[in-house]
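Asker: Before anything else, here's the structure in question.
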Amino acid sequence: MTSTTEPTEPLSVEQLSATTLLRFATAGSVDDGKSTLVGRLLHDSKSVLTDQLEAVERVSASRGQAAPDLALLTDGLRAEREQGITIDVAYRYFATARRRFILADTPGHVQYTRNMVTGASTADLAVVLVDARNGVIEQTRRHAAVAALLRVPHVVLAVNKMDLVEYKESVFAAIAEEFTAYASELGVPEITAIPISALAGDNVVEASANMDWYGGPTVLEHLETIPVSHDLAHCHARLPVQYVIRPQTAEHPDYRGYAGQIAAGTFRVGESVTVLPSGRTSKVAGIDLLGTPVDVAWTPQSVTLLLEDDIDISRGDLIVPSKDAPPTTQDVEATVCHVADQPLTVGHRVLLKHGTRTVKAIVKDIPSRLTLDDLSLHPHPGQLVANDIGRVKIRTAEPLPLDSYADSRRTGAFILIDPADGTTLTAGMVGESFAAPQPVKDEADDDGWCF
């Protein structure tokens, strides 16, 4: 197995442009070693600046530590360093010759579940850490459930601190089997288990000489080679309009373009499209990309569409292929994670932001709250508090074109906003969540009939 730690020249802009991008998030219980893993990954892949490493070495030496504490590379808040825990989501950007990465290091405490939801919501892959001495615990199951709920396509089980269990294959195999069985029940499509020691560097970037019984990839090799073929280019085409370009100059007297970032799918010149929620139709007359006309454009490119017909289109409208238009509705049923300190209650008046469109809405019902410990459903809780995950029914003032979150993580997601101060209250995912072990049962609805 070849080593990826040999010093290399910095990648050029052209080389970076040619590589694919992988977004991934780390999760795990407190003291499982998430920040140490991330620090080791950055350090051994030569993605740490010299002054950053020197600062870590100084702080580590002042604490009497013989070796640099690589966790300090990600735990940037003062409170994090003092307590030795991760509190906020820390984003890190690095690249190898094969791929570019955006990494979200998320907290492990139960009260920071909302932070993991934030970090994993855009992730293509989640790395769930487990302490080899403790095995799969309640928090491990919680993180697997959140990954499944957010439809993260790939999950890596990193069994950490293998050096503290004498690198025993039997310990790793038992943990991997238990986690894989649980995550598979939740519907996680792909699970890869890797035995590591983040502190010693075993199987993080370089293959471990202490675990010759393991023949799989290191963490970095897996991150570099996992296919990103599930990307949104193959989803239903969607363009939320951000801005209408109408220069009305002598050079462009009749130019009218609809600019935005393609949220999903591919658009082509000549394609019949529908503008939602109005339902008016036209054809794509042209596509401008960075000032240059192109015949085809795909996510996540930012483009300007030109249509054959003059249609009243403004910010917040959604342009979609006519043959693949989503339904519009004012009644939204979704799974949500409440992220604000103030509760979300039945009757709560909110703003719902979907893509570039924001509309008034009211929470009509909260049918259930999900208990992540055992995936049981508590019917009609009346409210959701910070870090709660549950089902809601919302009525919007205007119709919205909504995809199911299972079909598109970009156009099936929304947020609820406090109209008073603009605070984000809740993150929502349209449609069904993963299959629950038992349905919500309201005894008040039980009139004796059995079907």
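All residue names refer to the structure tokens as shown: chains lettered A, B, ... in order, residues numbered from 1 in each chain, ligands numbered from 1 in order.
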Find the nearest atom pair between each residue of segment 101-171 of chain A and segment 410-429 of chain A for residues within 9 Å, count only C-alpha atoms, give distances in Å to one decimal, sort rows by chain and ascending number, and present the table as CSV.

Answerer:
residue,atom,partner,partner_atom,distance
A:Val117,CA,A:Ala427,CA,8.5
A:Thr118,CA,A:Ala427,CA,8.6
A:Thr122,CA,A:Arg410,CA,8.4
A:Leu149,CA,A:Met429,CA,8.9
A:Leu150,CA,A:Met429,CA,8.0

Asker: Write out as an NGL selection string all residues of segment 298-422 of chain A that backbone DSSP assigns to strand (DSSP E).

Answerer: :A and (298 or 302-307 or 318-321 or 328-338 or 344-345 or 349-354 or 357-371 or 376-379 or 383-384 or 389-401 or 413-417)

Asker: Smallest atom-to-atom distance to Leu344 of chain A: which of A:Asp388, A:Glu221, A:Asp32, A:Glu308, using only C-alpha atoms?

Answerer: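 Comparing A:Asp388, A:Glu221, A:Asp32, A:Glu308 against Leu344 of chain A, the winner is A:Asp388.
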
Asker: Can you list, as a list in words, every protein, DNA or RNA residue that comes within 12 Å of Ser170 of chain A when you count only C-alpha atoms, leaving out same-chain residues fewer than 6 positions away?

Answerer: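 The contact residues come out as Ala132, Gly135, Met162, Ala176, Glu177, Pro195, Met211, Trp213 and Tyr214 of chain A.
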
Asker: Tell me, in Å to one decimal, how far atom CA of Lys353 of chain A is from atom CA of Arg114 of chain A.

Answerer: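 Answer for the atom CA of Lys353 of chain A to atom CA of Arg114 of chain A separation: 18.3 Å.
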
Asker: At what distance in Å, to one decimal, does atom CA of Gly187 of chain A lie from atom CA of Asp374 of chain A?

Answerer: 15.4 Å

Asker: Report as a PyMOL selection string all protein, DNA and RNA residues lying within 7 Å of Leu306 of chain A, evaluated on only C-alpha atoms, omitting residues in the same chain fewer than 2 positions from it.

Answerer: chain A and resi 256-258+284-287+304+308

Asker: Please report the interatomic distance between atom CA of Arg391 of chain A and atom CA of Gln330 of chain A in Å with one decimal.

Answerer: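 Those two atoms sit 16.5 Å apart.
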
Asker: Leaving out Leu220 of chain A and any residue of its chain fewer than 5 positions from it, which residues lie within 9 Å of it when counting only C-alpha atoms, given as a VMD selection string?

Answerer: chain A and resid 4 41 45 203 to 206 225

Asker: Considering only C-alpha atoms, state which residue in the set A:Thr358, A:Ser47, A:Thr345, A:Thr218 is at the smallest distance from Asp202 of chain A.

Answerer: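 Checking each candidate against Asp202 of chain A, we get A:Thr218 as the closest.
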
Asker: Using only C-alpha atoms, which residues sit within 12 Å of Thr113 of chain A once same-chain residues fewer than 6 positions away are excluded, as a list in words?

Answerer: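 These residues fall inside the cut-off: Ala27, Gly28, Ser29, Ile87, Asp88, Val89, Thr106, Pro107, Gly119, Ala120, Gln139, Thr140, Arg142, His143, Ala144, Ala145, Val146, Ala147, Cys337, His338, Val339, Ala340, Leu372, Val385, Ala386, Asn387, Asp388 and Ile389 of chain A.
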
Asker: Near Ile394 of chain A, counting only C-alpha atoms, which residues have an atom at most 10 Å away, once you skip same-chain residues fewer than 3 positions from it, shown as a list in words?

Answerer: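 Everything that qualifies: Gln330, Asp331, Val332, Glu333, Ala334, Val346, Gly347, His348, Arg349, Val350, Leu352, Ala361, Ile362, Val363, Lys364, Asp365, Ile366 and Ala397 of chain A.
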
Asker: Deliver the residues from the most recent selection as a file, using all heavy atoms, as a compact mmCIF listing (two decimals), in the first residue's frame.

Answerer:
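Full text of selection.txt as output:
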# COMPACT_ATOMS: atom_id res chain seq x y z
N GLN A 330 -49.70 23.88 -0.42
CA GLN A 330 -49.63 24.76 0.74
C GLN A 330 -49.59 23.97 2.05
O GLN A 330 -49.46 24.55 3.11
CB GLN A 330 -50.85 25.70 0.75
CG GLN A 330 -50.82 26.77 -0.32
CD GLN A 330 -52.03 27.67 -0.25
OE1 GLN A 330 -52.97 27.51 -1.03
NE2 GLN A 330 -52.03 28.61 0.69
N ASP A 331 -49.71 22.66 1.94
CA ASP A 331 -49.68 21.79 3.12
C ASP A 331 -48.41 20.96 3.10
O ASP A 331 -48.25 20.08 2.25
CB ASP A 331 -50.90 20.88 3.16
CG ASP A 331 -52.19 21.67 3.32
OD1 ASP A 331 -52.31 22.37 4.34
OD2 ASP A 331 -53.05 21.61 2.41
N VAL A 332 -47.52 21.24 4.02
CA VAL A 332 -46.20 20.62 4.06
C VAL A 332 -46.13 19.65 5.25
O VAL A 332 -46.40 20.05 6.38
CB VAL A 332 -45.09 21.68 4.19
CG1 VAL A 332 -43.72 21.02 4.17
CG2 VAL A 332 -45.21 22.72 3.08
N GLU A 333 -45.75 18.42 4.96
CA GLU A 333 -45.49 17.44 6.02
C GLU A 333 -44.01 17.10 5.95
O GLU A 333 -43.49 16.77 4.88
CB GLU A 333 -46.34 16.19 5.84
CG GLU A 333 -47.83 16.45 6.02
CD GLU A 333 -48.63 15.16 6.07
OE1 GLU A 333 -48.08 14.14 6.52
OE2 GLU A 333 -49.80 15.19 5.65
N ALA A 334 -43.35 17.18 7.09
CA ALA A 334 -41.89 17.05 7.06
C ALA A 334 -41.36 16.53 8.39
O ALA A 334 -42.02 16.61 9.43
CB ALA A 334 -41.25 18.39 6.72
N VAL A 346 -47.42 24.23 18.37
CA VAL A 346 -48.57 24.23 17.47
C VAL A 346 -49.18 25.63 17.47
O VAL A 346 -49.38 26.23 18.53
CB VAL A 346 -49.61 23.18 17.91
CG1 VAL A 346 -50.86 23.27 17.03
CG2 VAL A 346 -49.02 21.79 17.84
N GLY A 347 -49.44 26.16 16.29
CA GLY A 347 -49.95 27.52 16.16
C GLY A 347 -48.87 28.56 15.96
O GLY A 347 -49.17 29.75 15.75
N HIS A 348 -47.60 28.14 16.01
CA HIS A 348 -46.47 29.05 15.86
C HIS A 348 -46.50 29.66 14.45
O HIS A 348 -46.57 28.95 13.45
CB HIS A 348 -45.16 28.27 16.05
CG HIS A 348 -44.04 29.11 16.56
ND1 HIS A 348 -43.18 28.71 17.56
CD2 HIS A 348 -43.60 30.35 16.19
CE1 HIS A 348 -42.28 29.64 17.78
NE2 HIS A 348 -42.52 30.64 16.96
N ARG A 349 -46.44 30.98 14.37
CA ARG A 349 -46.39 31.67 13.07
C ARG A 349 -44.92 31.89 12.71
O ARG A 349 -44.16 32.47 13.49
CB ARG A 349 -47.15 33.00 13.13
CG ARG A 349 -48.63 32.80 13.39
CD ARG A 349 -49.40 34.09 13.34
NE ARG A 349 -50.81 33.86 13.63
CZ ARG A 349 -51.72 33.47 12.73
NH1 ARG A 349 -51.35 33.31 11.47
NH2 ARG A 349 -52.97 33.27 13.08
N VAL A 350 -44.55 31.43 11.52
CA VAL A 350 -43.15 31.43 11.10
C VAL A 350 -43.03 31.88 9.65
O VAL A 350 -44.03 32.08 8.96
CB VAL A 350 -42.54 30.02 11.24
CG1 VAL A 350 -42.53 29.56 12.69
CG2 VAL A 350 -43.31 29.01 10.36
N LEU A 352 -41.24 30.39 6.20
CA LEU A 352 -40.64 29.17 5.64
C LEU A 352 -39.80 29.56 4.43
O LEU A 352 -40.32 30.14 3.47
CB LEU A 352 -41.72 28.16 5.25
CG LEU A 352 -41.24 26.77 4.82
CD1 LEU A 352 -42.31 25.72 5.13
CD2 LEU A 352 -40.88 26.71 3.34
N ALA A 361 -46.03 31.18 7.11
CA ALA A 361 -46.57 29.85 7.37
C ALA A 361 -46.98 29.75 8.83
O ALA A 361 -46.60 30.59 9.67
CB ALA A 361 -45.54 28.78 7.03
N ILE A 362 -47.74 28.71 9.13
CA ILE A 362 -48.16 28.45 10.50
C ILE A 362 -48.03 26.95 10.78
O ILE A 362 -48.32 26.12 9.90
CB ILE A 362 -49.62 28.93 10.74
CG1 ILE A 362 -50.01 28.74 12.20
CG2 ILE A 362 -50.59 28.21 9.81
CD1 ILE A 362 -51.33 29.40 12.56
N VAL A 363 -47.54 26.61 11.96
CA VAL A 363 -47.40 25.21 12.36
C VAL A 363 -48.78 24.71 12.77
O VAL A 363 -49.33 25.14 13.79
CB VAL A 363 -46.39 25.05 13.52
CG1 VAL A 363 -46.30 23.59 13.94
CG2 VAL A 363 -45.03 25.59 13.11
N LYS A 364 -49.35 23.79 11.97
CA LYS A 364 -50.70 23.30 12.24
C LYS A 364 -50.72 22.14 13.23
O LYS A 364 -51.67 21.97 13.99
CB LYS A 364 -51.36 22.87 10.93
CG LYS A 364 -51.47 23.97 9.88
CD LYS A 364 -52.39 25.08 10.34
CE LYS A 364 -53.84 24.65 10.36
NZ LYS A 364 -54.75 25.77 10.71
N ASP A 365 -49.66 21.32 13.21
CA ASP A 365 -49.66 20.14 14.08
C ASP A 365 -48.23 19.63 14.25
O ASP A 365 -47.38 19.84 13.36
CB ASP A 365 -50.54 19.04 13.49
CG ASP A 365 -50.77 17.87 14.45
OD1 ASP A 365 -50.57 18.07 15.68
OD2 ASP A 365 -51.15 16.79 13.99
N ILE A 366 -47.97 19.01 15.38
CA ILE A 366 -46.71 18.30 15.61
C ILE A 366 -47.10 16.87 15.97
O ILE A 366 -47.32 16.55 17.14
CB ILE A 366 -45.88 18.96 16.74
CG1 ILE A 366 -45.61 20.44 16.41
CG2 ILE A 366 -44.57 18.21 16.95
CD1 ILE A 366 -44.84 21.18 17.49
N ALA A 397 -48.78 30.29 3.33
CA ALA A 397 -49.68 31.30 2.78
C ALA A 397 -49.74 31.23 1.26
O ALA A 397 -50.73 31.66 0.66
CB ALA A 397 -49.23 32.69 3.22

Asker: Please identify every residue of segment 292-341 of chain A that has at least one atom no farther than 6 Å from an atom of segment 240-245 of chain A, counting only C-alpha atoms, and for each give the shortest atom pair and the distance in Å to one decimal, arranged by chain then increasing number, as a Markdown table.

Answerer:
| residue | atom | partner | partner_atom | distance |
| --- | --- | --- | --- | --- |
| A:Arg315 | CA | A:Gln242 | CA | 4.9 |
| A:Gly316 | CA | A:Val241 | CA | 5.6 |
| A:Asp317 | CA | A:Val241 | CA | 5.5 |
| A:Leu318 | CA | A:Pro240 | CA | 4.5 |

Asker: Could you check the closest approach to Gly33 of chain A for each of A:Ser433, A:Asn134, A:Ser62, A:Ser197 and tell me which residue wins, using only C-alpha atoms?

Answerer: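 Result for the nearest residue to Gly33 of chain A: A:Ser197.
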